[in-house]
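What follows is the content of work-v2.pdb (PDB, C-alpha atoms).
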ATOM      1  CA  MET A 125      -7.603 -40.070 -82.574  1.00  0.00           C
ATOM      2  CA  GLU A 126      -7.134 -43.228 -84.612  1.00  0.00           C
ATOM      3  CA  PRO A 127      -4.085 -45.415 -83.940  1.00  0.00           C
ATOM      4  CA  ASN A 128      -1.877 -45.654 -87.007  1.00  0.00           C
ATOM      5  CA  ALA A 129      -0.805 -48.910 -88.594  1.00  0.00           C
ATOM      6  CA  VAL A 130       2.167 -49.363 -86.259  1.00  0.00           C
ATOM      7  CA  GLN A 131       1.246 -51.450 -83.241  1.00  0.00           C
ATOM      8  CA  HIS A 132       3.600 -52.984 -80.739  1.00  0.00           C
ATOM      9  CA  ASN A 133       2.391 -55.995 -78.778  1.00  0.00           C
ATOM     10  CA  CYS A 134       4.666 -57.450 -76.144  1.00  0.00           C
ATOM     11  CA  ASP A 135       4.100 -60.575 -74.079  1.00  0.00           C
ATOM     12  CA  CYS A 136       5.703 -60.926 -70.674  1.00  0.00           C
ATOM     13  CA  ASP A 137       7.678 -64.112 -69.935  1.00  0.00           C
ATOM     14  CA  VAL A 138       6.784 -64.198 -66.261  1.00  0.00           C
ATOM     15  CA  PRO A 139       4.386 -67.062 -65.525  1.00  0.00           C
ATOM     16  CA  GLY A 140       0.972 -65.724 -64.621  1.00  0.00           C
ATOM     17  CA  SER A 141       1.707 -62.288 -66.081  1.00  0.00           C
ATOM     18  CA  MET A 142      -0.704 -60.608 -68.411  1.00  0.00           C
ATOM     19  CA  THR A 143       0.226 -59.103 -71.741  1.00  0.00           C
ATOM     20  CA  PHE A 144       1.038 -55.464 -72.077  1.00  0.00           C
ATOM     21  CA  ARG A 145       0.386 -53.575 -75.243  1.00  0.00           C
ATOM     22  CA  ILE A 146       1.891 -50.447 -76.738  1.00  0.00           C
ATOM     23  CA  GLU A 147      -0.072 -48.856 -79.556  1.00  0.00           C
ATOM     24  CA  THR A 148       1.230 -45.868 -81.460  1.00  0.00           C
ATOM     25  CA  ALA A 149      -0.937 -43.000 -82.686  1.00  0.00           C
ATOM     26  CA  GLU A 150      -0.261 -39.568 -84.141  1.00  0.00           C
ATOM     27  CA  ARG A 151      -1.978 -36.456 -82.795  1.00  0.00           C
ATOM     28  CA  GLU A 152      -0.982 -33.190 -84.499  1.00  0.00           C
ATOM     29  CA  THR A 153       2.746 -32.872 -83.740  1.00  0.00           C
ATOM     30  CA  PHE A 154       2.712 -35.523 -80.986  1.00  0.00           C
ATOM     31  CA  THR A 155       3.406 -39.235 -81.047  1.00  0.00           C
ATOM     32  CA  VAL A 156       1.110 -40.944 -78.551  1.00  0.00           C
ATOM     33  CA  PHE A 157       2.025 -44.295 -77.048  1.00  0.00           C
ATOM     34  CA  ILE A 158      -1.131 -45.881 -75.658  1.00  0.00           C
ATOM     35  CA  LEU A 159      -0.197 -48.373 -72.942  1.00  0.00           C
ATOM     36  CA  SER A 160      -2.460 -51.088 -71.589  1.00  0.00           C
ATOM     37  CA  GLY A 161      -2.223 -54.080 -69.282  1.00  0.00           C
ATOM     38  CA  ARG A 162       0.515 -54.853 -66.767  1.00  0.00           C
ATOM     39  CA  ILE A 163       3.541 -52.670 -67.418  1.00  0.00           C
ATOM     40  CA  GLU A 164       6.596 -54.364 -65.964  1.00  0.00           C
ATOM     41  CA  THR A 165      10.338 -53.687 -66.091  1.00  0.00           C
ATOM     42  CA  ARG A 166      10.592 -55.526 -69.406  1.00  0.00           C
ATOM     43  CA  ALA A 167       8.447 -52.837 -71.093  1.00  0.00           C
ATOM     44  CA  ILE A 168      11.013 -50.125 -70.335  1.00  0.00           C
ATOM     45  CA  ALA A 169      13.470 -51.384 -72.986  1.00  0.00           C
ATOM     46  CA  GLU A 170      10.762 -51.424 -75.644  1.00  0.00           C
ATOM     47  CA  LEU A 171       9.569 -47.930 -74.707  1.00  0.00           C
ATOM     48  CA  ARG A 172      13.145 -46.592 -74.790  1.00  0.00           C
ATOM     49  CA  ARG A 173      13.601 -48.113 -78.253  1.00  0.00           C
ATOM     50  CA  LEU A 174      10.417 -46.398 -79.439  1.00  0.00           C
ATOM     51  CA  PHE A 175      11.442 -43.097 -77.838  1.00  0.00           C
ATOM     52  CA  GLU A 176      14.771 -43.192 -79.697  1.00  0.00           C
ATOM     53  CA  LEU A 177      12.831 -43.041 -82.967  1.00  0.00           C
ATOM     54  CA  GLN A 178      11.442 -39.624 -81.953  1.00  0.00           C
ATOM     55  CA  THR A 179      13.293 -36.372 -82.573  1.00  0.00           C
ATOM     56  CA  ASP A 180      12.139 -34.670 -79.374  1.00  0.00           C
ATOM     57  CA  TYR A 181      10.922 -36.193 -76.099  1.00  0.00           C
ATOM     58  CA  ARG A 182       8.607 -33.197 -75.701  1.00  0.00           C
ATOM     59  CA  SER A 183       6.628 -34.530 -78.666  1.00  0.00           C
ATOM     60  CA  ILE A 184       5.907 -37.817 -76.855  1.00  0.00           C
ATOM     61  CA  VAL A 185       2.706 -38.536 -74.953  1.00  0.00           C
ATOM     62  CA  LEU A 186       2.222 -41.670 -72.837  1.00  0.00           C
ATOM     63  CA  ASP A 187      -1.469 -42.489 -72.414  1.00  0.00           C
ATOM     64  CA  LEU A 188      -1.849 -44.650 -69.295  1.00  0.00           C
ATOM     65  CA  LYS A 189      -5.644 -44.923 -69.290  1.00  0.00           C
ATOM     66  CA  ASP A 190      -5.752 -48.712 -69.722  1.00  0.00           C
ATOM     67  CA  VAL A 191      -2.773 -49.588 -67.518  1.00  0.00           C
ATOM     68  CA  SER A 192      -3.845 -52.055 -64.844  1.00  0.00           C
ATOM     69  CA  TRP A 193      -0.571 -52.409 -62.920  1.00  0.00           C
ATOM     70  CA  VAL A 194       3.032 -51.147 -62.902  1.00  0.00           C
ATOM     71  CA  ASP A 195       6.109 -52.256 -60.997  1.00  0.00           C
ATOM     72  CA  ARG A 196       8.565 -50.074 -59.084  1.00  0.00           C
ATOM     73  CA  ASP A 197      11.084 -49.819 -61.953  1.00  0.00           C
ATOM     74  CA  VAL A 198       8.341 -48.515 -64.239  1.00  0.00           C
ATOM     75  CA  ILE A 199       7.439 -45.832 -61.680  1.00  0.00           C
ATOM     76  CA  GLY A 200      11.050 -44.602 -61.727  1.00  0.00           C
ATOM     77  CA  PHE A 201      11.018 -44.684 -65.525  1.00  0.00           C
ATOM     78  CA  LEU A 202       7.815 -42.593 -65.642  1.00  0.00           C
ATOM     79  CA  VAL A 203       9.319 -40.041 -63.243  1.00  0.00           C
ATOM     80  CA  ARG A 204      12.384 -39.707 -65.498  1.00  0.00           C
ATOM     81  CA  CYS A 205      10.202 -39.489 -68.621  1.00  0.00           C
ATOM     82  CA  GLU A 206       8.209 -36.629 -67.179  1.00  0.00           C
ATOM     83  CA  ALA A 207      11.413 -34.847 -66.103  1.00  0.00           C
ATOM     84  CA  ASP A 208      12.652 -35.185 -69.710  1.00  0.00           C
ATOM     85  CA  GLY A 209       9.493 -33.559 -71.109  1.00  0.00           C
ATOM     86  CA  VAL A 210       7.323 -36.577 -71.920  1.00  0.00           C
ATOM     87  CA  LYS A 211       3.652 -35.829 -71.213  1.00  0.00           C
ATOM     88  CA  LEU A 212       1.653 -38.369 -69.199  1.00  0.00           C
ATOM     89  CA  GLU A 213      -2.065 -38.536 -69.982  1.00  0.00           C
ATOM     90  CA  ASN A 214      -4.814 -40.363 -68.113  1.00  0.00           C
ATOM     91  CA  CYS A 215      -2.391 -41.300 -65.355  1.00  0.00           C
ATOM     92  CA  PRO A 216      -4.272 -43.281 -62.674  1.00  0.00           C
ATOM     93  CA  ALA A 217      -4.210 -41.641 -59.242  1.00  0.00           C
ATOM     94  CA  TYR A 218      -2.342 -44.524 -57.600  1.00  0.00           C
ATOM     95  CA  ILE A 219       0.469 -44.269 -60.187  1.00  0.00           C
ATOM     96  CA  ARG A 220       0.681 -40.482 -59.779  1.00  0.00           C
ATOM     97  CA  GLU A 221       0.836 -40.842 -55.966  1.00  0.00           C
ATOM     98  CA  TRP A 222       3.563 -43.478 -56.227  1.00  0.00           C
ATOM     99  CA  MET A 223       5.511 -41.249 -58.625  1.00  0.00           C
ATOM    100  CA  GLU A 224       5.293 -38.335 -56.167  1.00  0.00           C
ATOM    101  CA  ARG A 225       6.629 -40.524 -53.344  1.00  0.00           C
ATOM    102  CA  ASP A 226       9.412 -41.814 -55.631  1.00  0.00           C
ATOM    103  CA  LYS A 227      10.563 -38.234 -56.339  1.00  0.00           C
ATOM    104  CA  ASP A 228      11.255 -37.641 -52.624  1.00  0.00           C
TER     105      ASP A 228
END
Translate this file's structure into structure tokens.
Amino acid sequence: MEPNAVQHNCDCDVPGSMTFRIETAERETFTVFILSGRIETRAIAELRRLFELQTDYRSIVLDLKDVSWVDRDVIGFLVRCEADGVKLENCPAYIREWMERDKD
């Protein structure tokens, strides 16, 4: 899978924070958003904006393979995404466990 020409790079304002990156790729009928770095609350608005460009949330895949850290708001966002039909790929075990606890 080769990322297409559309790439979204976002820098966090928080001192000491690392950059997060959102790359977009197409895979058959799916749009894949490849996330990397520290995903903080600020990323949610950008992801929602990108999701709005899609016709069906079930055609969205979030690849979390290169995510190094997420905050609590992002965990809630991922839980809602999955409930809405977004597929999570390469979700690190600690994120999945936190999501399961957040559902309760």
Decode the PyMOL selection byres ((chain A and resi 199) around 12) for the given file into explicit residues and return them as a PyMOL selection string. chain A and resi 163-165+167-168+193-198+200-206+215+218-227
Taking (-0.2, -50.8, -71.5) in the file's own coordinates, collect the residues within 10 Å, counting all atoms listed in the file, and hand them back as JSON, numbers by chain. {"A": [133, 134, 143, 144, 145, 146, 147, 157, 158, 159, 160, 161, 162, 163, 164, 167, 186, 187, 188, 189, 190, 191, 192, 193, 194]}
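For A:Arg182, the list of residues within 12 Å, based on only C-alpha atoms and with local chain neighbours fewer than 2 positions off taken out, reads Thr153, Phe154, Thr155, Val156, Phe175, Gln178, Thr179, Asp180, Ile184, Val185, Leu186, Cys205, Glu206, Ala207, Asp208, Gly209, Val210, Lys211 and Leu212 of chain A.
Coordinates place atom CA of A:Tyr181 at a distance of 14.7 Å from atom CA of A:Thr148.
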Of the candidates A:Ser183, A:Arg173, A:Asp228, A:Glu213, which one gets nearest to A:Glu152 if we count only C-alpha atoms? A:Ser183
